[in-house]
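Text of coords17.cif, listed as mmCIF, C-alpha atoms:
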data_start
loop_
_atom_site.label_atom_id
_atom_site.label_comp_id
_atom_site.auth_asym_id
_atom_site.auth_seq_id
_atom_site.Cartn_x
_atom_site.Cartn_y
_atom_site.Cartn_z
CA MET A 112 -8.70 -7.38 6.56
CA ILE A 113 -8.13 -3.96 8.10
CA ILE A 114 -4.68 -2.45 7.86
CA LYS A 115 -4.16 -0.66 11.17
CA THR A 116 -0.58 0.29 10.36
CA ASN A 117 -1.44 3.01 7.86
CA ILE A 118 1.45 4.97 6.35
CA ASN A 119 1.88 6.49 9.78
CA SER A 120 5.66 6.72 9.56
CA GLN A 121 5.20 9.31 6.78
CA ILE A 122 3.76 12.14 8.90
CA ASP A 123 6.40 14.83 8.30
CA ALA A 124 4.24 16.57 5.67
CA TYR A 125 1.55 17.19 8.30
CA LEU A 126 3.68 18.49 11.15
CA SER A 127 3.87 22.18 10.22
CA ARG A 128 0.93 22.56 7.82
CA THR A 129 -1.47 25.42 8.67
CA LYS A 130 -3.11 26.52 5.41
CA LEU A 131 -5.89 24.62 3.68
CA LYS A 132 -4.87 22.54 0.69
CA TYR A 133 -6.83 22.97 -2.54
CA HIS A 134 -8.84 19.78 -2.01
CA GLU A 135 -9.70 20.94 1.52
CA LYS A 136 -10.97 24.25 0.15
CA LYS A 137 -13.19 22.20 -2.17
CA THR A 138 -14.36 20.12 0.80
CA VAL A 139 -15.37 23.28 2.63
CA LYS A 140 -17.46 24.39 -0.37
CA LEU A 141 -19.16 20.99 -0.56
CA ILE A 142 -20.14 20.97 3.12
CA SER A 143 -20.76 24.70 3.69
CA LYS A 144 -24.56 24.49 3.36
CA LYS A 145 -24.79 21.48 5.68
CA LEU A 146 -22.42 23.11 8.18
CA LYS A 147 -24.84 25.98 8.77
CA SER A 148 -27.40 23.63 10.34
CA SER A 149 -25.06 21.09 11.95
CA LYS A 150 -24.51 20.40 15.64
CA ASN A 151 -21.37 18.30 15.40
CA PHE A 152 -18.55 17.43 13.02
CA LEU A 153 -16.05 14.54 13.01
CA ASP A 154 -12.75 14.70 11.13
CA ILE A 155 -11.25 11.21 10.78
CA GLY A 156 -7.49 11.43 10.31
CA CYS A 157 -7.33 15.06 11.43
CA ALA A 158 -3.48 15.20 11.48
CA ASN A 159 -2.30 18.40 13.20
CA GLY A 160 -5.83 19.86 13.23
CA SER A 161 -5.30 22.54 10.58
CA PHE A 162 -8.46 21.59 8.67
CA LEU A 163 -10.69 21.80 11.77
CA PHE A 164 -9.10 25.07 12.86
CA ASN A 165 -10.08 26.57 9.51
CA VAL A 166 -13.55 25.00 9.29
CA SER A 167 -14.50 25.92 12.86
CA SER A 168 -14.28 29.62 11.99
CA LEU A 169 -17.30 29.17 9.68
CA ASN A 170 -19.64 28.10 12.48
CA ASN A 171 -18.54 28.43 16.11
CA LYS A 172 -21.72 26.76 17.40
CA VAL A 173 -20.70 23.34 16.07
CA GLU A 174 -18.98 20.75 18.27
CA TYR A 175 -15.86 19.59 16.39
CA SER A 176 -14.02 16.32 17.01
CA GLY A 177 -10.68 15.42 15.44
CA PHE A 178 -9.36 11.85 15.61
CA ASP A 179 -5.98 10.60 14.45
CA ILE A 180 -3.97 7.45 15.10
CA SER A 181 -0.76 9.49 15.47
CA LYS A 182 -0.20 10.64 19.05
CA LYS A 183 2.48 13.04 17.83
CA LEU A 184 0.07 14.84 15.50
CA ILE A 185 -2.69 14.97 18.13
CA ASN A 186 -0.27 16.47 20.65
CA LEU A 187 0.55 19.18 18.10
CA ALA A 188 -3.14 19.83 17.50
CA ASN A 189 -3.86 20.14 21.23
CA LYS A 190 -0.95 22.54 21.73
CA LYS A 191 -2.36 24.85 19.06
CA ASN A 192 -5.99 24.48 20.09
CA THR A 193 -7.58 27.51 21.76
CA ASN A 194 -11.14 26.69 20.65
CA LYS A 195 -13.33 25.09 23.33
CA ASN A 196 -15.57 23.69 20.58
CA ILE A 197 -12.78 21.47 19.22
CA ILE A 198 -11.69 18.22 20.86
CA PHE A 199 -8.69 16.26 19.58
CA LYS A 200 -8.12 12.61 20.52
CA THR A 201 -5.64 9.89 19.66
CA VAL A 202 -8.00 7.25 18.27
CA ASN A 203 -7.64 4.15 16.13
CA ILE A 204 -10.90 4.60 14.23
CA ASP A 205 -11.05 0.86 13.45
CA ASP A 206 -11.56 0.15 17.16
CA TYR A 207 -13.69 3.19 18.01
CA LYS A 208 -17.13 2.50 19.46
CA THR A 209 -19.78 5.13 20.12
CA LYS A 210 -23.54 5.60 20.17
CA LYS A 211 -23.05 9.24 19.22
CA LYS A 212 -24.09 10.25 15.70
CA PHE A 213 -22.45 13.04 13.69
CA ASP A 214 -24.04 15.50 11.25
CA ILE A 215 -20.88 15.74 9.14
CA ILE A 216 -18.01 13.26 8.90
CA ASN A 217 -14.89 14.02 6.91
CA ALA A 218 -12.31 11.38 5.96
CA SER A 219 -9.53 12.62 3.71
CA GLY A 220 -6.87 10.38 2.19
CA ILE A 221 -7.62 7.40 4.43
CA LEU A 222 -9.66 4.87 2.46
CA SER A 223 -6.68 3.93 0.29
CA ASN A 224 -4.94 2.51 3.37
CA TYR A 225 -7.33 -0.44 3.52
CA GLU A 226 -7.23 -3.76 1.71
CA ASP A 227 -11.02 -3.96 1.87
CA PHE A 228 -12.78 -0.58 1.62
CA ARG A 229 -16.11 -2.06 2.73
CA ILE A 230 -15.03 -2.55 6.35
CA PRO A 231 -13.96 1.04 7.15
CA LEU A 232 -16.72 2.54 5.01
CA LYS A 233 -19.40 0.56 6.83
CA ASN A 234 -17.81 1.61 10.12
CA TRP A 235 -17.74 5.32 9.24
CA LEU A 236 -21.33 5.22 8.02
CA SER A 237 -22.40 3.82 11.39
CA PHE A 238 -21.24 7.09 13.00
CA LYS A 239 -23.36 9.20 10.63
CA ASP A 240 -26.67 10.67 11.70
CA LYS A 241 -29.64 9.64 9.57
CA GLU A 242 -29.71 13.10 8.00
CA GLY A 243 -25.95 13.44 8.13
CA LEU A 244 -23.26 13.65 5.49
CA LEU A 245 -20.11 11.57 5.02
CA ILE A 246 -17.56 13.11 2.68
CA ILE A 247 -14.51 11.12 1.61
CA PHE A 248 -11.62 12.55 -0.36
CA GLY A 249 -9.10 10.31 -2.05
CA CYS A 250 -8.06 8.20 -5.01
CA PHE A 251 -10.73 6.35 -6.96
CA ASN A 252 -10.47 4.72 -10.36
CA SER A 253 -12.81 6.03 -13.07
CA ARG A 254 -12.27 2.71 -14.85
CA ASN A 255 -13.78 -0.41 -13.36
CA ILE A 256 -10.52 -1.75 -11.94
CA ASP A 257 -9.64 -2.11 -8.25
CA THR A 258 -5.98 -2.06 -7.22
CA ILE A 259 -4.23 -3.13 -4.01
CA ILE A 260 -0.75 -1.65 -3.80
CA LYS A 261 2.07 -2.13 -1.30
CA ILE A 262 5.06 0.17 -1.23
CA ARG A 263 8.44 0.18 0.47
CA ASN A 264 10.10 3.56 0.76
CA ASN A 265 13.78 2.76 0.35
CA TYR A 266 14.73 6.34 1.15
CA ASN A 267 13.83 5.88 4.80
CA LYS A 268 14.17 2.07 4.91
CA SER A 269 10.50 1.53 5.77
CA ASN A 270 8.77 -1.82 5.78
CA TRP A 271 6.15 -2.76 3.18
CA GLN A 272 3.13 -0.51 3.71
CA TYR A 273 -0.25 0.29 2.20
CA GLY A 274 -1.68 3.69 1.34
CA LEU A 275 -2.03 3.85 -2.45
CA ASN A 276 -4.92 1.44 -3.02
CA GLN A 277 -7.49 2.63 -5.56
CA TYR A 278 -11.03 1.28 -5.74
CA SER A 279 -13.19 1.88 -8.77
CA ILE A 280 -16.11 4.28 -8.68
CA LYS A 281 -18.36 1.48 -9.91
CA THR A 282 -17.28 -0.92 -7.15
CA VAL A 283 -17.80 1.61 -4.36
CA GLY A 284 -21.03 2.90 -5.89
CA HIS A 285 -22.46 -0.61 -6.16
CA PHE A 286 -21.67 -1.23 -2.48
CA LEU A 287 -23.43 1.99 -1.41
CA GLU A 288 -26.46 1.29 -3.61
CA LYS A 289 -26.89 -2.14 -2.01
CA LYS A 290 -26.80 -0.46 1.41
CA GLY A 291 -29.45 2.05 0.33
CA TYR A 292 -27.32 5.20 0.39
CA ASN A 293 -27.31 8.13 -2.00
CA TYR A 294 -23.90 9.18 -3.25
CA LYS A 295 -22.08 11.41 -5.69
CA PHE A 296 -18.48 11.42 -6.94
CA VAL A 297 -17.08 14.88 -7.66
CA LYS A 298 -13.86 14.91 -9.70
CA PHE A 299 -11.10 17.05 -8.22
CA GLU A 300 -8.76 18.84 -10.59
CA LEU A 301 -5.66 20.31 -8.98
CA PRO A 302 -5.39 23.92 -10.21
CA ILE A 303 -1.61 24.24 -9.77
CA ASN A 304 1.59 22.49 -10.75
CA ILE A 305 3.60 20.69 -8.07
CA LYS A 306 7.31 20.14 -8.50
CA GLU A 307 8.91 16.84 -7.65
CA SER A 308 10.04 16.86 -4.03
CA LYS A 309 13.11 15.45 -2.33
CA ASP A 310 10.60 13.49 -0.24
CA PRO A 311 9.74 10.59 -2.58
CA ILE A 312 6.40 9.88 -0.91
CA ARG A 313 4.95 13.24 -1.94
CA SER A 314 2.89 13.68 -5.08
CA TYR A 315 3.86 15.86 -8.01
CA THR A 316 2.30 16.88 -11.32
CA VAL A 317 3.19 16.42 -14.96
CA LYS A 318 1.61 18.70 -17.57
CA ILE A 319 0.02 16.94 -20.54
CA ASN A 320 -1.01 20.15 -22.31
CA GLN A 321 -1.83 23.76 -21.40
CA LYS A 322 -5.08 22.85 -19.63
CA LYS A 323 -4.47 19.37 -18.26
CA ARG A 324 -2.04 17.81 -15.82
CA ILE A 325 -1.76 14.44 -14.14
CA ILE A 326 -0.82 13.76 -10.52
CA LEU A 327 1.81 11.13 -9.81
CA THR A 328 2.89 9.59 -6.54
CA GLY A 329 6.52 8.98 -5.65
CA ALA A 330 5.88 5.41 -6.79
CA ASN A 331 5.00 6.76 -10.28
CA ILE A 332 1.36 5.78 -9.90
CA VAL A 333 -1.25 8.09 -11.44
CA LYS A 334 -3.76 9.49 -8.95
CA GLU A 335 -7.37 10.24 -9.88
CA LEU A 336 -8.84 12.31 -7.09
CA PHE A 337 -12.50 12.59 -6.13
CA HIS A 338 -14.74 13.78 -3.34
CA LEU A 339 -17.29 11.10 -2.51
CA ILE A 340 -20.38 12.57 -0.85
CA ILE A 341 -22.69 10.09 0.90
CA SER A 342 -26.13 10.72 2.38
CA ASN A 343 -29.27 8.72 3.17
#

Take the structure in the file and write it out as structure tokens.
Amino acid sequence: MIIKTNINSQIDAYLSRTKLKYHEKKTVKLISKKLKSSKNFLDIGCANGSFLFNVSSLNNKVEYSGFDISKKLINLANKKNTNKNIIFKTVNIDDYKTKKKFDIINASGILSNYEDFRIPLKNWLSFKDKEGLLIIFGCFNSRNIDTIIKIRNNYNKSNWQYGLNQYSIKTVGHFLEKKGYNYKFVKFELPINIKESKDPIRSYTVKINQKKRIILTGANIVKELFHLIISN
């Protein structure tokens, strides 16, 4: 089952953001070599376009596409967009059909919105060129446990929603191996401390010792963050 009502009511954090987050800086490093020889780039869940605005400065010969289900965020992206190489569209990626193939596909923080990761992952892979790269950032479990989590944010009286599901590295890896793909999980360690916010949906950190910290959601769920890099 595909959850098409992602935590879309919680978009305030993306409205004014312009700088790259630390995990996005890591994404840029992971794709920088591939970006030099790429013709096109798709950002699934592009929000207000800040990531594409930053990435596009690295290679202005690439055709960039940013898709997001939020019309409000896409309108913001289009208002800021002065780059003819970037196209922003309001798209429900679950329903998107195209014969076009992309050299690089980025999907950040989206997979955890689905009850069954196999459906969106198979869909995203179908957009990838044979020599292309799909990079997914999000929560994965280093232990072989899959979790499906529903939350209700009582601070804004929301309905029950998904967005914090965590699939195990072994489960996802086994799926990709059966499909014949190469893949690599790269652990992401946040290099800063984040204070607890008034917005309960936002993550924050708790220091364990001088060198290690854990990331918690507003639901007090520990987040293990990884970049998943998939190629043929």

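Those residues returned by the PyMOL selection byres ((chain A and resi 194-209) around 8) for this file are Ile113, Lys115, Ile155, Gly160, Leu163, Ser167, Asn171, Lys172, Val173, Glu174, Tyr175, Ser176, Gly177, Phe178, Asp179, Ile180, Ser181, Lys182, Ile185, Ala188, Asn189, Asn192, Thr193, Lys210, Lys211, Pro231, Asn234 and Phe238 of chain A.
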
Result set of the PyMOL selection byres ((chain A and resi 317) around 8) on the coordinates above, as a ChimeraX atom specification = /A:304,315-316,318-319,324-327

Find the distance between CA of Asn331 in chain A and CA of Ile260 in chain A and write it in Å to one decimal.
-> 12.1 Å

Expected selection from the PyMOL selection byres ((chain A and resi 292) around 7), given as number ranges by chain = A: 287-288, 290-291, 293-294, 341-343

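Distance annotation: of A:Phe164, A:Tyr273, A:Tyr266, A:Phe337, the residue with the minimal separation from Glu300 in chain A is A:Phe337; atom set is only C-alpha atoms.
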
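Note that the spacing between CA of Lys334 in chain A and CA of Lys136 in chain A amounts to 18.8 Å.
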
With 3 Å added on each side, what axis-aligned box encloses every listed atom of range 319-325 of chain A? Give the centre and edge lengths in Å to one decimal, as AutoDock Vina command-line options.
--center_x -2.5 --center_y 19.1 --center_z -18.2 --size_x 11.1 --size_y 15.3 --size_z 14.2

Nearest candidate to Phe228 in chain A (options A:Tyr278, A:Phe213, A:Trp271, A:Phe162; using all atoms listed in the file) | A:Tyr278

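Between Asn159 in chain A and the residues A:Leu187, A:Leu131, A:Ile230, A:Ile332, the shortest atom-to-atom distance, using only C-alpha atoms, involves A:Leu187.
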
Selection near Leu232 in chain A, 10 Å with only C-alpha atoms, sequence-local residues under 2 positions removed, as an mmCIF file with C-alpha atoms, in the frame of the given file:
data_model
loop_
_atom_site.group_PDB
_atom_site.id
_atom_site.type_symbol
_atom_site.label_atom_id
_atom_site.label_comp_id
_atom_site.auth_asym_id
_atom_site.auth_seq_id
_atom_site.Cartn_x
_atom_site.Cartn_y
_atom_site.Cartn_z
ATOM 1 C CA ALA A 218 -12.310 11.380 5.960
ATOM 2 C CA LEU A 222 -9.660 4.870 2.460
ATOM 3 C CA TYR A 225 -7.330 -0.440 3.520
ATOM 4 C CA ASP A 227 -11.020 -3.960 1.870
ATOM 5 C CA PHE A 228 -12.780 -0.580 1.620
ATOM 6 C CA ARG A 229 -16.110 -2.060 2.730
ATOM 7 C CA ILE A 230 -15.030 -2.550 6.350
ATOM 8 C CA ASN A 234 -17.810 1.610 10.120
ATOM 9 C CA TRP A 235 -17.740 5.320 9.240
ATOM 10 C CA LEU A 236 -21.330 5.220 8.020
ATOM 11 C CA SER A 237 -22.400 3.820 11.390
ATOM 12 C CA LEU A 245 -20.110 11.570 5.020
ATOM 13 C CA ILE A 247 -14.510 11.120 1.610
ATOM 14 C CA VAL A 283 -17.800 1.610 -4.360
ATOM 15 C CA PHE A 286 -21.670 -1.230 -2.480
ATOM 16 C CA LEU A 287 -23.430 1.990 -1.410
#

Can you tell me how far CA of Gly284 in chain A sits from CA of Arg313 in chain A, in Å to one decimal?
-> 28.2 Å

Need the shell around Asn252 in chain A: protein/DNA/RNA residues with any atom at most 12 Å away, counting all atoms listed in the file. Skip same-chain ones fewer than 6 positions apart. Format as a short mmCIF file (atom, residue, chain, number, x, y, z; two decimals) with C-alpha atoms, keeping the file's coordinate frame?
data_model
loop_
_atom_site.label_atom_id
_atom_site.label_comp_id
_atom_site.auth_asym_id
_atom_site.auth_seq_id
_atom_site.Cartn_x
_atom_site.Cartn_y
_atom_site.Cartn_z
CA SER A 223 -6.68 3.93 0.29
CA THR A 258 -5.98 -2.06 -7.22
CA ILE A 259 -4.23 -3.13 -4.01
CA LEU A 275 -2.03 3.85 -2.45
CA ASN A 276 -4.92 1.44 -3.02
CA GLN A 277 -7.49 2.63 -5.56
CA TYR A 278 -11.03 1.28 -5.74
CA SER A 279 -13.19 1.88 -8.77
CA ILE A 280 -16.11 4.28 -8.68
CA LYS A 281 -18.36 1.48 -9.91
CA THR A 282 -17.28 -0.92 -7.15
CA VAL A 283 -17.80 1.61 -4.36
CA GLY A 284 -21.03 2.90 -5.89
CA PHE A 296 -18.48 11.42 -6.94
CA LYS A 298 -13.86 14.91 -9.70
CA ILE A 332 1.36 5.78 -9.90
CA VAL A 333 -1.25 8.09 -11.44
CA LYS A 334 -3.76 9.49 -8.95
CA GLU A 335 -7.37 10.24 -9.88
CA LEU A 336 -8.84 12.31 -7.09
CA PHE A 337 -12.50 12.59 -6.13
#

Of the candidates A:Ala158, A:Arg254, A:Asn217, A:His338, which one gets nearest to Asn186 in chain A if we count only C-alpha atoms?
-> A:Ala158
